[in-house]
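A.B. asks: Input run_32.cif, format and content: mmCIF, C-alpha atoms.
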data_start
#
loop_
_atom_site.group_PDB
_atom_site.id
_atom_site.type_symbol
_atom_site.label_atom_id
_atom_site.label_comp_id
_atom_site.auth_asym_id
_atom_site.auth_seq_id
_atom_site.Cartn_x
_atom_site.Cartn_y
_atom_site.Cartn_z
ATOM 1 C CA MET C 1 72.366 11.360 74.182
ATOM 2 C CA SER C 2 69.029 9.563 73.936
ATOM 3 C CA GLN C 3 66.925 9.038 77.045
ATOM 4 C CA HIS C 4 67.061 5.235 76.863
ATOM 5 C CA LEU C 5 70.832 5.129 76.316
ATOM 6 C CA PHE C 6 71.499 7.475 79.226
ATOM 7 C CA LYS C 7 69.169 5.487 81.461
ATOM 8 C CA ALA C 8 70.835 2.212 80.448
ATOM 9 C CA ILE C 9 74.282 3.598 81.284
ATOM 10 C CA ILE C 10 73.205 4.909 84.706
ATOM 11 C CA LEU C 11 71.363 1.683 85.576
ATOM 12 C CA ALA C 12 74.318 -0.450 84.447
ATOM 13 C CA LEU C 13 76.729 1.577 86.586
ATOM 14 C CA ALA C 14 74.420 1.462 89.618
ATOM 15 C CA SER C 15 73.901 -2.291 89.201
ATOM 16 C CA ALA C 16 77.649 -2.829 88.878
ATOM 17 C CA ILE C 17 78.221 -0.869 92.097
ATOM 18 C CA GLN C 18 75.579 -2.986 93.812
ATOM 19 C CA GLY C 19 77.187 -6.222 92.584
ATOM 20 C CA ALA C 20 80.657 -5.053 93.620
ATOM 21 C CA ALA C 21 79.432 -4.043 97.079
ATOM 22 C CA MET C 22 77.964 -7.507 97.601
ATOM 23 C CA SER C 23 80.917 -9.442 96.162
ATOM 24 C CA ILE C 24 83.759 -7.483 97.745
ATOM 25 C CA PHE C 25 82.446 -6.249 101.082
ATOM 26 C CA LEU C 26 79.442 -8.347 102.154
ATOM 27 C CA PHE C 27 79.547 -11.893 100.757
ATOM 28 C CA PRO C 28 83.097 -12.673 102.051
ATOM 29 C CA HIS C 29 81.700 -12.216 105.576
ATOM 30 C CA TYR C 30 78.539 -14.162 104.660
ATOM 31 C CA ILE C 31 76.539 -10.966 105.194
ATOM 32 C CA PRO C 32 73.424 -10.987 102.982
ATOM 33 C CA SER C 33 72.550 -7.615 101.444
ATOM 34 C CA GLY C 34 68.876 -8.561 101.217
ATOM 35 C CA GLY C 35 66.311 -11.289 100.838
ATOM 36 C CA ALA C 36 67.442 -12.752 97.520
ATOM 37 C CA ALA C 37 71.081 -12.396 98.543
ATOM 38 C CA GLY C 38 70.215 -13.948 101.906
ATOM 39 C CA ILE C 39 68.815 -17.009 100.179
ATOM 40 C CA GLY C 40 71.863 -16.993 97.915
ATOM 41 C CA VAL C 41 74.205 -16.947 100.904
ATOM 42 C CA LEU C 42 72.268 -19.836 102.464
ATOM 43 C CA LEU C 43 72.465 -21.917 99.279
ATOM 44 C CA ASN C 44 76.170 -21.164 98.930
ATOM 45 C CA TYR C 45 76.846 -22.001 102.572
ATOM 46 C CA ILE C 46 74.883 -25.265 102.539
ATOM 47 C CA TRP C 47 75.353 -26.603 98.983
ATOM 48 C CA ASP C 48 78.088 -24.349 97.548
ATOM 49 C CA VAL C 49 75.713 -23.001 94.878
ATOM 50 C CA PRO C 50 77.393 -20.054 93.096
ATOM 51 C CA PHE C 51 75.996 -16.682 94.176
ATOM 52 C CA ALA C 52 75.311 -15.533 90.609
ATOM 53 C CA THR C 53 73.381 -18.726 89.771
ATOM 54 C CA SER C 54 71.055 -18.590 92.773
ATOM 55 C CA ILE C 55 70.426 -14.868 92.327
ATOM 56 C CA TRP C 56 69.533 -15.383 88.651
ATOM 57 C CA LEU C 57 67.048 -18.155 89.478
ATOM 58 C CA LEU C 58 65.441 -16.341 92.391
ATOM 59 C CA ASN C 59 65.045 -13.178 90.377
ATOM 60 C CA ALA C 60 63.344 -14.997 87.497
ATOM 61 C CA VAL C 61 60.281 -15.587 89.676
ATOM 62 C CA MET C 62 60.168 -12.006 90.917
ATOM 63 C CA VAL C 63 60.540 -10.545 87.424
ATOM 64 C CA ILE C 64 57.380 -12.407 86.387
ATOM 65 C CA ALA C 65 55.622 -10.678 89.283
ATOM 66 C CA ALA C 66 57.055 -7.336 88.119
ATOM 67 C CA PHE C 67 55.507 -7.788 84.665
ATOM 68 C CA LYS C 68 52.107 -8.368 86.276
ATOM 69 C CA TRP C 69 52.051 -5.668 88.955
ATOM 70 C CA LEU C 70 54.682 -3.068 88.073
ATOM 71 C CA GLY C 71 54.341 -2.914 84.306
ATOM 72 C CA THR C 72 56.467 -3.895 81.327
ATOM 73 C CA SER C 73 58.887 -0.970 81.535
ATOM 74 C CA ASN C 74 59.841 -1.621 85.150
ATOM 75 C CA ALA C 75 60.147 -5.373 84.530
ATOM 76 C CA VAL C 76 62.380 -4.930 81.464
ATOM 77 C CA TRP C 77 64.672 -2.470 83.200
ATOM 78 C CA THR C 78 64.745 -4.721 86.265
ATOM 79 C CA MET C 79 65.887 -7.662 84.117
ATOM 80 C CA PHE C 80 68.604 -5.415 82.697
ATOM 81 C CA CYS C 81 69.729 -4.425 86.205
ATOM 82 C CA VAL C 82 69.637 -8.007 87.482
ATOM 83 C CA GLY C 83 71.761 -9.092 84.538
ATOM 84 C CA ALA C 84 74.316 -6.326 85.118
ATOM 85 C CA ALA C 85 74.525 -7.058 88.849
ATOM 86 C CA ALA C 86 74.750 -10.828 88.342
ATOM 87 C CA PHE C 87 77.474 -10.368 85.707
ATOM 88 C CA THR C 88 79.446 -8.208 88.138
ATOM 89 C CA ILE C 89 79.042 -10.755 90.938
ATOM 90 C CA HIS C 90 80.018 -13.618 88.594
ATOM 91 C CA SER C 91 83.122 -11.686 87.491
ATOM 92 C CA ILE C 92 84.308 -10.641 90.958
ATOM 93 C CA SER C 93 83.251 -13.357 93.430
ATOM 94 C CA PRO C 94 85.595 -16.121 92.161
ATOM 95 C CA HIS C 95 88.566 -13.826 92.861
ATOM 96 C CA ILE C 96 87.553 -12.866 96.408
ATOM 97 C CA HIS C 97 88.478 -15.777 98.662
ATOM 98 C CA HIS C 98 88.790 -13.921 101.948
ATOM 99 C CA PRO C 99 87.440 -10.688 103.462
ATOM 100 C CA ILE C 100 89.563 -7.727 102.446
ATOM 101 C CA GLY C 101 89.242 -5.935 105.777
ATOM 102 C CA ASN C 102 87.628 -5.705 109.186
ATOM 103 C CA VAL C 103 84.010 -6.841 109.212
ATOM 104 C CA TRP C 104 82.715 -3.497 110.530
ATOM 105 C CA VAL C 105 84.602 -1.468 107.934
ATOM 106 C CA ASP C 106 83.456 -3.765 105.133
ATOM 107 C CA LEU C 107 79.898 -3.687 106.498
ATOM 108 C CA VAL C 108 79.682 0.110 106.473
ATOM 109 C CA ILE C 109 81.220 0.442 103.008
ATOM 110 C CA GLY C 110 79.111 -2.384 101.588
ATOM 111 C CA ALA C 111 75.865 -1.057 103.093
ATOM 112 C CA PHE C 112 76.547 2.468 101.840
ATOM 113 C CA LEU C 113 77.331 1.350 98.289
ATOM 114 C CA PHE C 114 74.386 -1.057 98.268
ATOM 115 C CA GLY C 115 71.883 1.517 99.548
ATOM 116 C CA PHE C 116 73.163 4.233 97.218
ATOM 117 C CA SER C 117 73.041 2.023 94.133
ATOM 118 C CA VAL C 118 69.572 0.569 94.823
ATOM 119 C CA GLY C 119 68.274 4.045 95.639
ATOM 120 C CA ILE C 120 69.414 5.171 92.185
ATOM 121 C CA LEU C 121 67.655 2.178 90.589
ATOM 122 C CA PHE C 122 64.391 3.011 92.382
ATOM 123 C CA LYS C 123 64.797 6.666 91.396
ATOM 124 C CA MET C 124 65.146 5.646 87.748
ATOM 125 C CA GLY C 125 62.021 3.471 87.730
ATOM 126 C CA ALA C 126 63.740 0.078 88.019
ATOM 127 C CA SER C 127 64.871 -2.216 90.813
ATOM 128 C CA SER C 128 67.619 -4.684 91.595
ATOM 129 C CA GLY C 129 65.184 -7.595 91.523
ATOM 130 C CA GLY C 130 64.550 -10.083 94.300
ATOM 131 C CA MET C 131 62.689 -8.751 97.308
ATOM 132 C CA ASP C 132 63.029 -5.207 95.942
ATOM 133 C CA ILE C 133 60.289 -6.098 93.464
ATOM 134 C CA LEU C 134 58.041 -7.399 96.229
ATOM 135 C CA ALA C 135 58.697 -4.220 98.240
ATOM 136 C CA LEU C 136 57.774 -2.051 95.252
ATOM 137 C CA ILE C 137 54.579 -4.043 94.653
ATOM 138 C CA ILE C 138 53.515 -3.726 98.294
ATOM 139 C CA SER C 139 54.514 -0.045 98.288
ATOM 140 C CA SER C 140 52.274 0.636 95.294
ATOM 141 C CA PHE C 141 49.288 -0.787 97.203
ATOM 142 C CA ILE C 142 49.787 0.623 100.687
ATOM 143 C CA LYS C 143 51.602 3.849 99.711
ATOM 144 C CA ARG C 144 54.504 3.391 102.080
ATOM 145 C CA PRO C 145 58.220 3.971 101.324
ATOM 146 C CA PRO C 146 59.658 0.839 99.671
ATOM 147 C CA GLY C 147 62.825 0.990 101.750
ATOM 148 C CA SER C 148 61.032 0.385 105.057
ATOM 149 C CA ILE C 149 58.936 -2.419 103.537
ATOM 150 C CA LEU C 150 62.105 -3.980 102.146
ATOM 151 C CA PHE C 151 63.686 -3.868 105.587
ATOM 152 C CA TRP C 152 60.935 -5.959 107.195
ATOM 153 C CA ILE C 153 60.739 -8.478 104.354
ATOM 154 C CA ASN C 154 64.471 -9.021 104.360
ATOM 155 C CA SER C 155 64.650 -9.152 108.144
ATOM 156 C CA LEU C 156 62.459 -12.266 108.171
ATOM 157 C CA ILE C 157 64.718 -13.990 105.644
ATOM 158 C CA LEU C 158 67.816 -12.913 107.543
ATOM 159 C CA LEU C 159 66.490 -14.517 110.719
ATOM 160 C CA VAL C 160 66.597 -17.847 108.910
ATOM 161 C CA ALA C 161 70.136 -17.140 107.672
ATOM 162 C CA GLY C 162 71.191 -16.365 111.228
ATOM 163 C CA VAL C 163 69.783 -19.633 112.541
ATOM 164 C CA VAL C 164 71.515 -21.694 109.846
ATOM 165 C CA ILE C 165 74.849 -19.892 109.543
ATOM 166 C CA ASP C 166 75.612 -17.802 112.620
ATOM 167 C CA TRP C 167 73.612 -15.500 114.865
ATOM 168 C CA LYS C 168 76.237 -12.840 114.271
ATOM 169 C CA VAL C 169 74.998 -12.773 110.684
ATOM 170 C CA ILE C 170 71.685 -11.372 111.909
ATOM 171 C CA MET C 171 73.352 -8.485 113.698
ATOM 172 C CA TYR C 172 75.591 -7.608 110.758
ATOM 173 C CA ALA C 173 72.860 -8.101 108.165
ATOM 174 C CA LEU C 174 70.240 -6.077 110.052
ATOM 175 C CA ILE C 175 72.691 -3.213 110.461
ATOM 176 C CA CYS C 176 73.397 -3.443 106.735
ATOM 177 C CA GLN C 177 69.666 -3.501 106.001
ATOM 178 C CA TRP C 178 68.860 -0.583 108.276
ATOM 179 C CA PHE C 179 71.628 1.606 106.902
ATOM 180 C CA GLY C 180 71.078 0.572 103.290
ATOM 181 C CA THR C 181 67.288 0.931 103.272
ATOM 182 C CA LYS C 182 67.466 4.328 104.991
ATOM 183 C CA LEU C 183 69.703 5.477 102.161
ATOM 184 C CA ILE C 184 67.346 3.913 99.587
ATOM 185 C CA ASP C 185 64.407 5.923 100.947
ATOM 186 C CA PHE C 186 66.580 9.046 101.315
ATOM 187 C CA ILE C 187 67.374 8.949 97.598
ATOM 188 C CA GLY C 188 64.177 7.349 96.286
ATOM 189 C CA LYS C 189 61.723 9.650 98.092
ATOM 190 C CA GLY C 190 63.360 12.732 96.669
ATOM 191 C CA SER C 191 65.169 13.829 99.821
ATOM 192 C CA VAL C 192 68.124 14.137 97.489
ATOM 193 C CA SER C 193 67.455 16.134 94.348
ATOM 194 C CA ILE C 194 69.201 14.540 91.374
ATOM 195 C CA SER C 195 67.738 16.517 88.518
ATOM 196 C CA VAL C 196 69.618 14.740 85.748
ATOM 197 C CA LEU C 197 68.246 11.388 86.940
ATOM 198 C CA LYS C 198 64.704 12.722 87.182
ATOM 199 C CA LYS C 199 65.030 14.107 83.647
ATOM 200 C CA TYR C 200 65.976 10.754 82.126
ATOM 201 C CA SER C 201 64.234 8.315 84.459
ATOM 202 C CA GLY C 202 60.849 8.328 82.795
ATOM 203 C CA ALA C 203 59.355 7.514 86.191
ATOM 204 C CA LYS C 204 57.863 9.474 89.025
ATOM 205 C CA THR C 205 59.751 9.759 92.266
ATOM 206 C CA LEU C 206 58.731 7.057 94.718
ATOM 207 C CA ARG C 207 56.791 8.284 97.723
#
Show how you would write the structure in this file as structure tokens.
C.D. replies:
Amino acid sequence: MSQHLFKAIILALASAIQGAAMSIFLFPHYIPSGGAAGIGVLLNYIWDVPFATSIWLLNAVMVIAAFKWLGTSNAVWTMFCVGAAAFTIHSISPHIHHPIGNVWVDLVIGAFLFGFSVGILFKMGASSGGMDILALIISSFIKRPPGSILFWINSLILLVAGVVIDWKVIMYALICQWFGTKLIDFIGKGSVSISVLKKYSGAKTLR
């Protein structure tokens, strides 16, 4: 199997897992998985803008930044991942009208799947778009783990979501962010050795 085909398959699967985690476990409770999703939840809550639409538009701006600061390869793969995740969200969200379980159970499952999938994307030299791109750009300049940077960026956005929607959203979302970004750094920094991913990623492990 060619390197690009294998990478495309892995990134598509990881992006689909990310989209499913958001659509099934987090969005029904209005829990944003991150900055872009947080803005998406706000737009959906206030003006009923579809999640997939807002995420597509918000990511367009960040992808332009990725071309400038992260390089063509990362930007192209990021667009691929954003498309796969948005397609998954668009396919699942209309069929999920109510939370499928207890908020704490859904939160833990959603945060785990989100962190695992985004960690794989970072490991493979791509990202899930949105604030992930900004975190990677800042990480490349200050040499800090992107997961921790992502946590602080998203926390600011989530504060706004909490004010507008419900303060409980902040608690749930910050727990999701903490758990998810810890897992992102755990995978992305190489704490977990995934040799087959390193072989086909075409990117150095994030540090």
A.B. asks: I'd like the interatomic distance between CA of Leu70 in chain C and CA of Ser33 in chain C, to a tenth of an Å.
C.D. replies: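 Atom-to-atom, CA of Leu70 in chain C and CA of Ser33 in chain C are spaced 22.8 Å apart.
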A.B. asks: Compare C:Leu136, C:Leu5, C:Ala20, C:Val169 by their minimum atom-to-atom distance to His95 in chain C, counting all atoms listed in the file, and give me the closest one.
C.D. replies: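 For His95 in chain C, the nearest of the candidates is C:Ala20.
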A.B. asks: I'd like the interatomic distance between CA of Ile10 in chain C and CA of Val82 in chain C, to a tenth of an Å.
C.D. replies: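 Computing the Euclidean distance for CA of Ile10 in chain C and CA of Val82 in chain C yields 13.7 Å.
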A.B. asks: To one decimal place, how far is CA of Ile133 in chain C from CA of Ala173 in chain C in Å?
C.D. replies: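 Going from CA of Ile133 in chain C over to CA of Ala173 in chain C covers 19.4 Å.
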A.B. asks: Which residue gives the smallest distance to Ile187 in chain C among C:Gly115, C:Val164, C:Ile157, C:Tyr172, with only C-alpha atoms counted?
C.D. replies: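 Among C:Gly115, C:Val164, C:Ile157, C:Tyr172, it is C:Gly115 that comes nearest to Ile187 in chain C.
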A.B. asks: Residues within 8 Å of (68.2, 6.3, 94.6), file coordinates, counting only C-alpha atoms: what are they? Give the list as a CSV table (one decimal) with C-alpha atoms, keeping the file's coordinate frame.
C.D. replies:
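Result file is selection_29.csv:
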chain,number,residue,atom,x,y,z
C,115,GLY,CA,71.9,1.5,99.5
C,116,PHE,CA,73.2,4.2,97.2
C,117,SER,CA,73.0,2.0,94.1
C,118,VAL,CA,69.6,0.6,94.8
C,119,GLY,CA,68.3,4.0,95.6
C,120,ILE,CA,69.4,5.2,92.2
C,121,LEU,CA,67.7,2.2,90.6
C,122,PHE,CA,64.4,3.0,92.4
C,123,LYS,CA,64.8,6.7,91.4
C,124,MET,CA,65.1,5.6,87.7
C,183,LEU,CA,69.7,5.5,102.2
C,184,ILE,CA,67.3,3.9,99.6
C,185,ASP,CA,64.4,5.9,100.9
C,186,PHE,CA,66.6,9.0,101.3
C,187,ILE,CA,67.4,8.9,97.6
C,188,GLY,CA,64.2,7.3,96.3
A.B. asks: Counting all atoms listed in the file, which residues come within 9 Å of (77.8, -6.5, 96.1), with the point read in the file's coordinates, and could you list them as a ChimeraX atom specification?
C.D. replies: /C:15-27,33,85,88-89,110,113-114
A.B. asks: Using the chain letters and numbering of this document, enumerate as a PyMOL selection string the residues selected by the PyMOL selection byres ((chain C and resi 53) around 12).
C.D. replies: chain C and resi 36-37+39-41+43-44+48-52+54-60+82-83+85-87+89-90+93
A.B. asks: Once you add 4 Å to each side, what are the centre and edge lengths of the axis-aligned box holding all listed atoms of range 97-113 of chain C? One decimal in Å, as JSON, if you can.
C.D. replies:
{"center_x": 82.7, "center_y": -6.7, "center_z": 104.4, "size_x": 21.7, "size_y": 26.2, "size_z": 20.2}
A.B. asks: Pull out range 117-145 of chain C, keep C-alpha atoms, and write it as a CSV table (one decimal), in the first residue's frame.
C.D. replies:
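File result_36.csv, as written:
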chain,number,residue,atom,x,y,z
C,117,SER,CA,-8.5,10.9,17.2
C,118,VAL,CA,-6.9,14.4,17.2
C,119,GLY,CA,-3.7,12.9,18.7
C,120,ILE,CA,-3.5,10.5,15.7
C,121,LEU,CA,-4.0,13.5,13.4
C,122,PHE,CA,-1.1,15.4,15.0
C,123,LYS,CA,1.0,12.3,15.0
C,124,MET,CA,0.4,11.9,11.2
C,125,GLY,CA,1.4,15.6,10.4
C,126,ALA,CA,-2.1,17.0,10.1
C,127,SER,CA,-4.7,18.5,12.3
C,128,SER,CA,-8.5,18.7,12.7
C,129,GLY,CA,-8.5,22.4,11.8
C,130,GLY,CA,-9.9,25.2,13.8
C,131,MET,CA,-8.0,26.2,16.9
C,132,ASP,CA,-5.8,23.1,16.4
C,133,ILE,CA,-4.1,24.9,13.6
C,134,LEU,CA,-3.5,28.0,15.8
C,135,ALA,CA,-2.1,25.7,18.5
C,136,LEU,CA,0.3,24.0,16.1
C,137,ILE,CA,1.5,27.4,14.8
C,138,ILE,CA,2.1,28.7,18.3
C,139,SER,CA,3.8,25.4,19.2
C,140,SER,CA,6.2,25.7,16.3
C,141,PHE,CA,7.3,29.1,17.6
C,142,ILE,CA,7.5,28.5,21.3
C,143,LYS,CA,8.4,24.8,21.3
C,144,ARG,CA,5.7,23.8,23.7
C,145,PRO,CA,3.3,20.8,23.4
